[in-house]
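Structure data (TSV, C-alpha atoms) from data-v6.tsv:
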```
chain	number	residue	atom	x	y	z
M	1	MET	CA	-81.67	15.63	90.87
M	2	ALA	CA	-80.76	14.64	87.35
M	3	PHE	CA	-77.12	14.01	88.31
M	4	GLU	CA	-75.93	11.40	90.81
M	5	ILE	CA	-72.23	10.88	91.54
M	6	ARG	CA	-70.86	7.77	93.22
M	7	VAL	CA	-67.28	7.47	94.44
M	8	ASN	CA	-66.01	3.97	95.22
M	9	SER	CA	-69.64	2.80	94.99
M	10	GLN	CA	-70.81	5.28	97.65
M	11	PRO	CA	-73.04	8.34	97.03
M	12	PHE	CA	-70.98	11.53	96.88
M	13	GLU	CA	-72.67	14.89	97.44
M	14	LEU	CA	-69.81	17.34	98.05
M	15	TRP	CA	-69.99	18.90	94.60
M	16	GLU	CA	-71.58	22.03	93.13
M	17	SER	CA	-71.17	21.64	89.37
M	18	ALA	CA	-70.56	18.69	87.09
M	19	THR	CA	-70.26	17.77	83.41
M	20	VAL	CA	-70.29	14.51	81.47
M	21	ARG	CA	-69.17	14.33	77.84
M	22	ARG	CA	-69.70	11.50	75.34
M	23	SER	CA	-68.68	11.43	71.67
M	24	ILE	CA	-68.64	9.01	68.75
M	25	ASP	CA	-65.13	10.31	68.06
M	26	ALA	CA	-63.82	9.38	71.51
M	27	ASN	CA	-63.06	5.91	72.85
M	28	SER	CA	-63.98	7.04	76.35
M	29	GLY	CA	-66.54	9.24	78.05
M	30	ALA	CA	-65.26	11.95	80.40
M	31	PHE	CA	-66.48	13.59	83.60
M	32	GLN	CA	-65.61	16.57	85.75
M	33	PHE	CA	-67.05	17.94	88.97
M	34	SER	CA	-66.07	20.80	91.24
M	35	SER	CA	-66.45	21.66	94.91
M	36	THR	CA	-65.55	24.58	97.13
M	37	SER	CA	-63.81	23.98	100.44
M	38	ARG	CA	-62.52	26.03	103.34
M	39	GLU	CA	-59.75	23.49	103.93
M	40	GLY	CA	-58.66	22.99	100.33
M	41	VAL	CA	-57.73	19.42	99.47
M	42	LYS	CA	-57.09	18.51	103.12
M	43	ASP	CA	-59.25	15.50	104.06
M	44	TYR	CA	-61.10	15.71	100.73
M	45	PRO	CA	-62.70	12.27	100.24
M	46	VAL	CA	-61.86	11.87	96.53
M	47	LYS	CA	-58.37	10.82	95.43
M	48	ALA	CA	-56.74	10.23	92.06
M	49	GLY	CA	-57.41	6.65	91.03
M	50	ASP	CA	-60.77	6.37	92.83
M	51	LYS	CA	-63.61	4.73	90.95
M	52	VAL	CA	-66.37	7.12	89.91
M	53	GLN	CA	-69.75	6.57	88.32
M	54	VAL	CA	-72.00	9.38	87.14
M	55	LEU	CA	-75.68	8.63	86.58
M	56	ILE	CA	-78.05	10.97	84.78
M	57	ASN	CA	-81.73	10.40	85.44
M	58	GLY	CA	-80.73	7.01	86.84
M	59	THR	CA	-78.73	5.93	83.77
M	60	ALA	CA	-74.96	5.45	84.03
M	61	LYS	CA	-73.22	7.73	81.54
M	62	VAL	CA	-69.66	7.39	82.83
M	63	THR	CA	-68.12	4.54	84.82
M	64	GLY	CA	-64.42	5.03	85.29
M	65	PHE	CA	-61.62	6.41	87.37
M	66	VAL	CA	-60.34	9.77	88.59
M	67	ASP	CA	-57.41	11.01	86.50
M	68	MET	CA	-56.77	14.30	88.28
M	69	VAL	CA	-57.63	16.18	91.46
M	70	VAL	CA	-56.77	19.87	91.13
M	71	PRO	CA	-57.07	22.16	94.18
M	72	SER	CA	-56.78	25.91	93.63
M	73	GLY	CA	-57.74	29.11	95.40
M	74	ASP	CA	-56.61	32.06	97.47
M	75	ALA	CA	-56.76	33.26	101.08
M	76	ASN	CA	-60.55	33.40	101.02
M	77	SER	CA	-61.70	30.33	99.11
M	78	HIS	CA	-60.60	27.02	97.66
M	79	THR	CA	-61.91	25.08	94.68
M	80	ILE	CA	-61.30	21.40	94.04
M	81	THR	CA	-61.84	20.09	90.50
M	82	VAL	CA	-61.97	16.34	89.86
M	83	SER	CA	-61.79	14.91	86.35
M	84	GLY	CA	-61.58	11.44	84.85
M	85	ARG	CA	-62.62	9.07	82.10
M	86	ASP	CA	-64.41	5.77	81.52
M	87	VAL	CA	-62.82	2.41	82.33
M	88	THR	CA	-61.58	2.26	78.75
M	89	GLN	CA	-58.91	4.80	79.73
M	90	ASP	CA	-56.62	1.91	80.63
M	91	VAL	CA	-56.80	0.60	77.06
M	92	ILE	CA	-56.31	4.13	75.70
M	93	ASP	CA	-53.20	4.79	77.78
M	94	SER	CA	-51.53	1.34	77.74
M	95	SER	CA	-49.25	-0.36	75.25
M	96	VAL	CA	-50.08	-3.76	73.78
M	97	PRO	CA	-48.74	-6.37	76.25
M	98	ASP	CA	-46.62	-9.28	74.97
M	99	ALA	CA	-49.45	-11.69	75.75
M	100	ALA	CA	-51.63	-10.02	73.11
M	101	LYS	CA	-49.11	-9.33	70.36
M	102	SER	CA	-49.93	-12.46	68.36
M	103	PHE	CA	-53.21	-13.65	66.86
M	104	THR	CA	-54.33	-16.64	64.87
M	105	GLY	CA	-57.60	-16.65	63.00
M	106	PRO	CA	-60.22	-16.32	61.87
M	107	VAL	CA	-60.95	-13.75	64.55
M	108	THR	CA	-63.69	-11.21	65.27
M	109	MET	CA	-63.33	-7.60	66.36
M	110	VAL	CA	-64.80	-8.53	69.75
M	111	GLU	CA	-62.23	-11.30	70.22
M	112	ILE	CA	-59.34	-8.96	69.37
M	113	CYS	CA	-60.64	-6.42	71.92
M	114	GLU	CA	-61.13	-9.10	74.58
M	115	LYS	CA	-57.59	-10.42	74.14
M	116	ILE	CA	-56.03	-6.96	74.46
M	117	ILE	CA	-58.16	-6.10	77.51
M	118	ALA	CA	-57.39	-9.41	79.24
M	119	ALA	CA	-53.67	-8.99	78.62
M	120	ILE	CA	-53.75	-5.53	80.20
M	121	GLY	CA	-55.49	-6.99	83.23
M	122	ALA	CA	-58.68	-4.98	82.93
M	123	THR	CA	-62.23	-6.27	83.25
M	124	ILE	CA	-64.21	-4.61	80.49
M	125	PRO	CA	-67.00	-6.52	78.73
M	126	VAL	CA	-67.00	-6.06	74.94
M	127	VAL	CA	-70.31	-6.02	73.08
M	128	ASP	CA	-70.87	-5.78	69.33
M	129	VAL	CA	-73.88	-3.52	68.67
M	130	SER	CA	-72.81	-2.54	65.16
M	131	ASP	CA	-75.14	-4.86	63.23
M	132	ALA	CA	-72.21	-5.52	60.88
M	133	ASP	CA	-69.95	-8.45	59.99
M	134	ILE	CA	-66.79	-7.76	61.98
M	135	THR	CA	-64.90	-10.97	61.28
M	136	PHE	CA	-61.37	-10.98	59.90
M	137	ALA	CA	-60.89	-13.90	57.56
M	138	GLN	CA	-58.56	-16.92	57.53
M	139	LEU	CA	-55.14	-16.19	58.97
M	140	ASN	CA	-52.26	-18.27	57.70
M	141	GLN	CA	-49.44	-16.52	59.51
M	142	GLN	CA	-48.90	-15.00	62.90
M	143	PHE	CA	-49.51	-11.28	63.41
M	144	THR	CA	-47.19	-9.46	65.81
M	145	SER	CA	-47.80	-5.99	67.21
M	146	ASP	CA	-44.90	-3.58	67.19
M	147	SER	CA	-43.14	-3.06	70.49
M	148	GLY	CA	-44.62	-0.15	72.44
M	149	ARG	CA	-47.67	0.10	70.21
M	150	ASN	CA	-50.66	1.80	71.83
M	151	ALA	CA	-53.40	-0.69	72.69
M	152	MET	CA	-56.45	1.38	71.74
M	153	GLN	CA	-54.87	2.65	68.54
M	154	PHE	CA	-54.08	-0.95	67.65
M	155	LEU	CA	-57.77	-1.81	68.05
M	156	VAL	CA	-58.99	1.34	66.27
M	157	ASN	CA	-56.82	0.50	63.25
M	158	PHE	CA	-58.75	-2.72	62.72
M	159	ALA	CA	-62.12	-1.15	63.53
M	160	ARG	CA	-61.51	1.41	60.78
M	161	LYS	CA	-61.07	-1.40	58.26
M	162	LYS	CA	-64.67	-2.43	58.94
M	163	GLN	CA	-65.99	1.13	59.34
M	164	VAL	CA	-67.00	0.63	62.97
M	165	TYR	CA	-66.15	2.64	66.08
M	166	LEU	CA	-65.08	1.70	69.60
M	167	ILE	CA	-66.90	3.66	72.29
M	168	SER	CA	-67.80	3.16	75.93
M	169	ASP	CA	-71.45	2.80	76.85
M	170	GLY	CA	-71.16	4.65	80.18
M	171	ALA	CA	-71.84	1.53	82.25
M	172	GLY	CA	-68.37	0.01	82.00
M	173	ARG	CA	-68.57	-1.78	78.64
M	174	LEU	CA	-66.70	-1.26	75.37
M	175	LEU	CA	-69.01	-1.22	72.35
M	176	VAL	CA	-68.19	-2.11	68.77
M	177	TYR	CA	-70.47	0.54	67.37
M	178	ARG	CA	-71.91	2.00	64.20
M	179	PRO	CA	-74.61	4.72	64.21
M	180	GLY	CA	-77.95	3.14	63.41
M	181	ALA	CA	-81.59	4.07	63.25
M	182	ASP	CA	-82.00	5.65	66.71
M	183	SER	CA	-84.02	8.84	66.50
M	184	ALA	CA	-84.58	11.71	68.87
M	185	VAL	CA	-88.23	12.31	69.74
M	186	THR	CA	-87.80	16.04	70.25
M	187	PRO	CA	-86.57	18.26	67.39
M	188	LEU	CA	-84.06	21.06	67.85
M	189	GLN	CA	-85.86	24.29	66.98
M	190	HIS	CA	-84.50	27.82	66.76
M	191	THR	CA	-86.89	29.85	64.60
M	192	GLY	CA	-87.75	32.83	66.78
M	193	ASP	CA	-90.96	31.15	67.89
M	194	SER	CA	-92.19	30.72	71.47
M	195	THR	CA	-91.89	26.94	71.07
M	196	ASP	CA	-88.12	27.09	70.46
M	197	ASN	CA	-86.02	24.84	72.70
M	198	VAL	CA	-82.54	25.91	71.53
M	199	LYS	CA	-81.13	28.41	74.03
M	200	ARG	CA	-77.85	28.96	72.21
M	201	TYR	CA	-76.57	27.85	68.83
M	202	ARG	CA	-73.33	27.79	66.88
M	203	ALA	CA	-72.71	26.54	63.34
M	204	GLN	CA	-69.40	25.94	61.63
M	205	TYR	CA	-68.71	25.36	57.95
M	206	ASN	CA	-65.03	24.54	57.56
M	207	MET	CA	-63.40	23.58	54.25
M	208	GLN	CA	-59.86	23.41	55.66
M	209	ASN	CA	-59.78	19.64	56.12
M	210	ARG	CA	-61.42	18.68	52.81
M	211	PHE	CA	-59.68	17.61	49.61
M	212	ASN	CA	-60.59	16.86	46.02
M	213	THR	CA	-58.71	13.56	45.79
M	214	TYR	CA	-58.16	11.01	48.55
M	215	LYS	CA	-55.73	8.19	47.86
M	216	VAL	CA	-55.29	5.38	50.38
M	217	ARG	CA	-52.29	3.08	50.00
M	218	SER	CA	-51.92	-0.30	51.68
M	219	GLN	CA	-49.17	-0.87	54.19
M	220	ALA	CA	-48.40	-4.23	52.58
M	221	GLY	CA	-45.04	-3.00	51.40
M	222	LEU	CA	-44.08	-2.52	55.07
M	223	GLY	CA	-45.10	-5.97	56.26
M	224	PHE	CA	-47.80	-8.57	55.76
M	225	ASP	CA	-50.91	-8.23	57.92
M	226	ASP	CA	-52.56	-11.53	58.83
M	227	LEU	CA	-55.66	-9.78	60.16
M	228	ALA	CA	-56.49	-8.34	56.75
M	229	ASP	CA	-59.56	-9.69	54.99
M	230	TYR	CA	-57.84	-11.35	52.06
M	231	ASP	CA	-56.22	-14.70	51.21
M	232	THR	CA	-52.46	-15.02	51.36
M	233	ASP	CA	-52.18	-15.56	47.60
M	234	GLU	CA	-53.74	-12.17	46.82
M	235	SER	CA	-51.24	-9.51	45.86
M	236	VAL	CA	-51.66	-6.43	48.04
M	237	VAL	CA	-48.24	-4.89	47.59
M	238	ASN	CA	-49.51	-2.11	45.32
M	239	SER	CA	-53.11	-1.92	46.56
M	240	GLN	CA	-54.56	1.55	46.59
M	241	GLY	CA	-57.98	3.18	46.45
M	242	ASP	CA	-59.17	6.61	45.36
M	243	SER	CA	-62.15	8.79	46.15
M	244	ILE	CA	-63.09	12.15	44.62
M	245	ASP	CA	-64.93	15.06	46.25
M	246	SER	CA	-66.14	16.98	43.21
M	247	GLN	CA	-67.06	20.04	45.26
M	248	ILE	CA	-63.41	20.74	46.15
M	249	ARG	CA	-60.93	22.29	43.72
M	250	ALA	CA	-58.61	19.80	42.02
M	251	SER	CA	-55.45	21.29	43.51
M	252	ARG	CA	-56.22	19.77	46.92
M	253	TYR	CA	-54.85	16.22	47.24
M	254	LEU	CA	-54.47	13.96	50.29
M	255	GLU	CA	-52.64	10.65	50.47
M	256	VAL	CA	-53.39	8.40	53.43
M	257	GLN	CA	-51.34	5.41	54.53
M	258	GLY	CA	-53.70	2.59	55.42
M	259	GLU	CA	-53.76	1.64	59.08
M	260	GLU	CA	-52.72	-1.91	58.15
M	261	ALA	CA	-52.24	-3.95	54.99
M	262	MET	CA	-55.36	-3.87	52.82
M	263	GLY	CA	-56.64	-5.32	49.57
M	264	GLU	CA	-58.09	-3.20	46.77
M	265	VAL	CA	-61.65	-3.34	48.10
M	266	GLU	CA	-60.50	-2.26	51.55
M	267	THR	CA	-58.39	0.64	50.29
M	268	GLY	CA	-61.29	1.80	48.11
M	269	ASN	CA	-63.70	1.69	51.04
M	270	ARG	CA	-61.16	3.40	53.27
M	271	ALA	CA	-60.76	6.24	50.73
M	272	GLU	CA	-64.55	6.64	50.47
M	273	GLU	CA	-64.81	6.70	54.26
M	274	GLU	CA	-62.09	9.34	54.58
M	275	ASN	CA	-63.81	11.47	51.95
M	276	ASN	CA	-67.25	11.14	53.48
M	277	ILE	CA	-66.25	11.72	57.10
M	278	ARG	CA	-64.25	14.83	56.24
M	279	ARG	CA	-67.08	16.10	54.05
M	280	ALA	CA	-69.74	15.47	56.66
M	281	LEU	CA	-67.71	16.80	59.58
M	282	SER	CA	-66.96	20.04	57.73
M	283	SER	CA	-70.44	21.16	58.76
M	284	VAL	CA	-71.19	21.12	62.48
M	285	TYR	CA	-74.21	22.43	64.37
M	286	GLU	CA	-74.09	22.97	68.13
M	287	ALA	CA	-77.16	23.65	70.25
M	288	GLU	CA	-77.69	24.09	73.97
M	289	VAL	CA	-81.03	23.02	75.42
M	290	GLN	CA	-82.48	23.16	78.91
M	291	GLY	CA	-82.41	19.89	80.85
M	292	VAL	CA	-80.99	16.52	79.86
M	293	ALA	CA	-84.06	14.74	78.52
M	294	GLN	CA	-86.44	14.92	75.59
M	295	GLU	CA	-90.22	15.23	75.73
M	296	ASP	CA	-90.71	11.51	76.42
M	297	GLY	CA	-88.01	11.39	79.12
M	298	THR	CA	-85.35	9.84	76.85
M	299	LEU	CA	-81.90	11.34	77.40
M	300	TRP	CA	-80.26	13.21	74.56
M	301	ASP	CA	-77.41	10.97	73.42
M	302	ILE	CA	-74.90	10.23	70.70
M	303	GLY	CA	-76.01	8.29	67.64
M	304	GLN	CA	-79.52	9.75	67.61
M	305	LYS	CA	-80.81	11.33	64.42
M	306	VAL	CA	-82.46	14.62	65.26
M	307	LYS	CA	-84.61	16.95	63.18
M	308	ILE	CA	-83.21	20.49	63.20
M	309	ASP	CA	-84.91	23.71	62.15
M	310	ASP	CA	-82.65	26.74	62.56
M	311	PRO	CA	-82.89	29.32	59.78
M	312	PHE	CA	-80.53	31.62	61.69
M	313	ALA	CA	-77.75	29.02	61.36
M	314	GLY	CA	-78.90	27.93	57.90
M	315	VAL	CA	-79.56	24.37	59.06
M	316	ARG	CA	-82.67	22.33	58.37
M	317	GLY	CA	-83.28	18.60	58.13
M	318	LEU	CA	-82.28	15.36	59.81
M	319	TRP	CA	-78.82	15.38	61.42
M	320	LEU	CA	-76.80	12.95	63.54
M	321	ILE	CA	-75.80	13.71	67.14
M	322	LYS	CA	-72.09	12.99	67.40
M	323	GLU	CA	-71.38	14.48	70.83
M	324	VAL	CA	-73.29	15.47	73.97
M	325	GLU	CA	-72.21	17.27	77.10
M	326	TYR	CA	-74.52	17.17	80.10
M	327	SER	CA	-73.93	19.98	82.58
M	328	VAL	CA	-75.33	20.84	85.97
M	329	ASP	CA	-74.81	23.74	88.34
M	330	LEU	CA	-76.68	23.56	91.60
M	331	GLY	CA	-77.41	27.27	91.41
M	332	VAL	CA	-78.50	27.34	87.76
M	333	GLY	CA	-79.86	23.93	86.75
M	334	THR	CA	-79.10	21.42	84.00
M	335	THR	CA	-78.36	21.88	80.32
M	336	THR	CA	-77.25	19.66	77.44
M	337	THR	CA	-74.96	20.79	74.66
M	338	ILE	CA	-75.68	18.78	71.50
M	339	ILE	CA	-73.22	18.68	68.61
M	340	SER	CA	-74.64	17.35	65.35
M	341	VAL	CA	-73.31	16.60	61.88
M	342	PRO	CA	-75.06	15.62	58.62
M	343	GLN	CA	-76.75	12.26	58.99
M	344	ASP	CA	-74.49	10.46	56.52
M	345	ALA	CA	-71.39	11.04	58.63
M	346	TYR	CA	-69.62	7.89	59.86
M	347	THR	CA	-70.69	5.86	56.84
M	348	VAL	CA	-68.44	4.55	54.09
M	349	ARG	CA	-70.29	6.42	51.38
M	350	GLY	CA	-72.25	9.61	51.78
M	351	GLU	CA	-75.79	9.92	50.56
M	352	SER	CA	-74.77	12.38	47.88
M	353	THR	CA	-71.54	14.09	46.93
M	354	ALA	CA	-72.88	15.67	43.76
M	355	THR	CA	-75.28	17.86	45.74
M	356	ASP	CA	-72.98	18.54	48.65
M	357	ALA	CA	-74.13	21.34	50.90
M	358	ARG	CA	-70.77	22.76	51.87
M	359	LYS	CA	-70.36	25.30	49.05
M	360	THR	CA	-68.74	28.66	49.56
M	361	SER	CA	-71.25	30.73	47.58
M	362	ILE	CA	-73.13	32.86	50.07
M	363	GLY	CA	-76.88	33.01	49.72
M	364	GLU	CA	-77.29	29.74	47.81
M	365	ARG	CA	-79.20	26.77	49.14
M	366	PHE	CA	-77.81	23.27	48.77
M	367	GLN	CA	-79.25	19.92	49.78
M	368	ASN	CA	-77.68	16.55	50.45
M	369	THR	CA	-80.91	14.73	49.82
M	370	THR	CA	-84.45	15.74	49.08
M	371	GLY	CA	-87.44	15.36	51.33
M	372	GLU	CA	-87.89	15.38	55.07
M	373	THR	CA	-84.98	13.06	55.76
M	374	GLY	CA	-82.38	15.25	54.10
M	375	SER	CA	-80.07	17.89	55.46
M	376	SER	CA	-80.07	21.35	53.98
M	377	PHE	CA	-77.96	24.42	54.55
M	378	VAL	CA	-78.36	28.08	53.77
M	379	ARG	CA	-75.04	29.87	53.35
```

Kindly transcribe the structure held in the file into C-alpha cells.
Amino acid sequence: MAFEIRVNSQPFELWESATVRRSIDANSGAFQFSSTSREGVKDYPVKAGDKVQVLINGTAKVTGFVDMVVPSGDANSHTITVSGRDVTQDVIDSSVPDAAKSFTGPVTMVEICEKIIAAIGATIPVVDVSDADITFAQLNQQFTSDSGRNAMQFLVNFARKKQVYLISDGAGRLLVYRPGADSAVTPLQHTGDSTDNVKRYRAQYNMQNRFNTYKVRSQAGLGFDDLADYDTDESVVNSQGDSIDSQIRASRYLEVQGEEAMGEVETGNRAEEENNIRRALSSVYEAEVQGVAQEDGTLWDIGQKVKIDDPFAGVRGLWLIKEVEYSVDLGVGTTTTIISVPQDAYTVRGESTATDARKTSIGERFQNTTGETGSSFVR
C-alpha cells in the first residue's frame, strides 16, 4: 500500500480514500481521508486535535494535526471525513506572542523563525535548504511587531525580502526553501502515443493578474524596520523599484507596498520578483498520472524540474512542479496530480521577458529560452 496513515503514532486503517497536497505556495501541507460507518461518528477513533502522519511509499509527506472531523449521511449510510494540516498550522493560525515581538541583530531567517516558534510553544525544527544568504544585517534599533500580527505572515514578509519560501517538509520541519536543481527522472508525456503517462491534462493561460509596470514602494515612511538589510544612515524614505513586462499593454499598472521597509536594491528586486512570479504563474499545466512514483521509485514532488511534451496543451520543455496532490481510493488505486509552471518561476528575474510565451495571438509559437532546457507554448 502506497499510503500509510498513523493517528497518535498508531497505525490507522479505517479509511477508504485519502489525499495529501503539498505546494510551494503554501506554508503547510494538507491531508484528508474518508471512511464509511454504520454508526456515524459514534466511537470513531479519530478526534479533532489528534496528531496524524501520512506516509507515502514509506516517506512522511504530512505530519500534523486534525483540523476537522465531518460526519454526514442519511438513514442508510454515514461518511466521516477527516482533514488537517502540517505542524506549521500553529504558526499559520497564531499571532506573534509578546516574547517574540522584539529582535536585535544581526539575525538569520532561521533564527527569526525559531524565536517565533519557541514563543508560540511549538516544537518545529527549522532548516535552511535554500543555498542562499539569509542573514539580515546589523540592527541598531529594536524591531517590534504590531499587536495581533499573524506569526506566519510576519515570517513570510521577511522571507520575501530574500526571495525564499517557507514550506513544511512533511516530516515535521519548517524549511527555508528555494527551488533548486532537483529533476524528475520521468517526463510527462501526452502525445497520443502508447508510451504516454498523462491520463488527464489541463492547461491555463491567464493574463488577468499580469501588468506592464510594477512599482514597489518601501514602507519606511510608516516606520523604520531594523530587520532590513541596510545601515541606519541610508535614506529609505522614498525608496522604490520598478519592473516592466514588455508583453503587457502599457495601460496596466500595479503598485505594491513593500512588506517591510526596504532600500533601493530590495525594492528593485521585489519588483522584479513580483513581475516574474506573475508572468510565470500565468501559465499553468496540470497532469494526472497513475501511481505516486517515477520510473526509479522517486516520488513526484514539488521543486522538481520535469520535462513535458504535450502538443494538445501546447506545452513542451522543462517546467517546475509547484504543487502535487497524491490520491488513493481503495477501490480504484493511486494517482498523482502534478501542477507545473515555467521553470523560471519563483526566481527574482525570469530567464527572458523579451521572448515571453504568454502572448494572446492564437497559432503562434513562443519560447522563453532556446534548446532542451527551455519552455515553449503553442497558443

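Between CA of Lys51 in chain M and CA of Gly64 in chain M the separation is 5.7 Å.
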
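Taking CA of Arg279 in chain M and CA of Val265 in chain M as endpoints, the distance between them is 21.0 Å.
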
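In this comparison, which uses all atoms listed in the file, the residue of M:Gly241, M:Asp344, M:Ala2, M:Pro187 approaching Gly291 in chain M most closely is M:Ala2.
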
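If only C-alpha atoms are the atoms counted, then among M:Asp86, M:Asp25, M:Asp93, M:Asp310 the closest residue to Gln53 in chain M is M:Asp86.
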
From the list M:Lys61, M:Arg21, M:Arg173, M:Lys199, which residue is nearest Gln290 in chain M when using only C-alpha atoms?
-> M:Lys199

For each of M:Glu288, M:Asp50, M:Asp301, M:Asp242, take the minimum atom-to-atom distance to Ser327 in chain M, counting all atoms listed in the file, then give the residue where this is smallest.
-> M:Glu288

Given only C-alpha atoms as the counted atoms, nearest of M:Ile5, M:Ala122, M:Ala137, M:Val284 to Gly105 in chain M = M:Ala137

Which residues come within 9 Å of Trp300 in chain M, counting only C-alpha atoms, excluding same-chain residues fewer than 3 positions away, as a list in words?
-> Ala184, Val292, Ala293, Gln294, Gln304, Ile321, Val324, Tyr326, Thr336 and Ile338 of chain M

What separates CA of Glu325 in chain M and CA of Thr337 in chain M is a distance of 5.1 Å

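Nearest residue to Ala313 in chain M among M:Arg270, M:Arg252, M:Lys42, M:Arg200 is M:Arg200, counting only C-alpha atoms.
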
Extract, using all atoms listed in the file, all DNA, RNA and protein residues at most 7 Å from Arg178 in chain M, discarding same-chain residues fewer than 6 positions from it, and format them as a ChimeraX atom specification.
-> /M:130,164-165
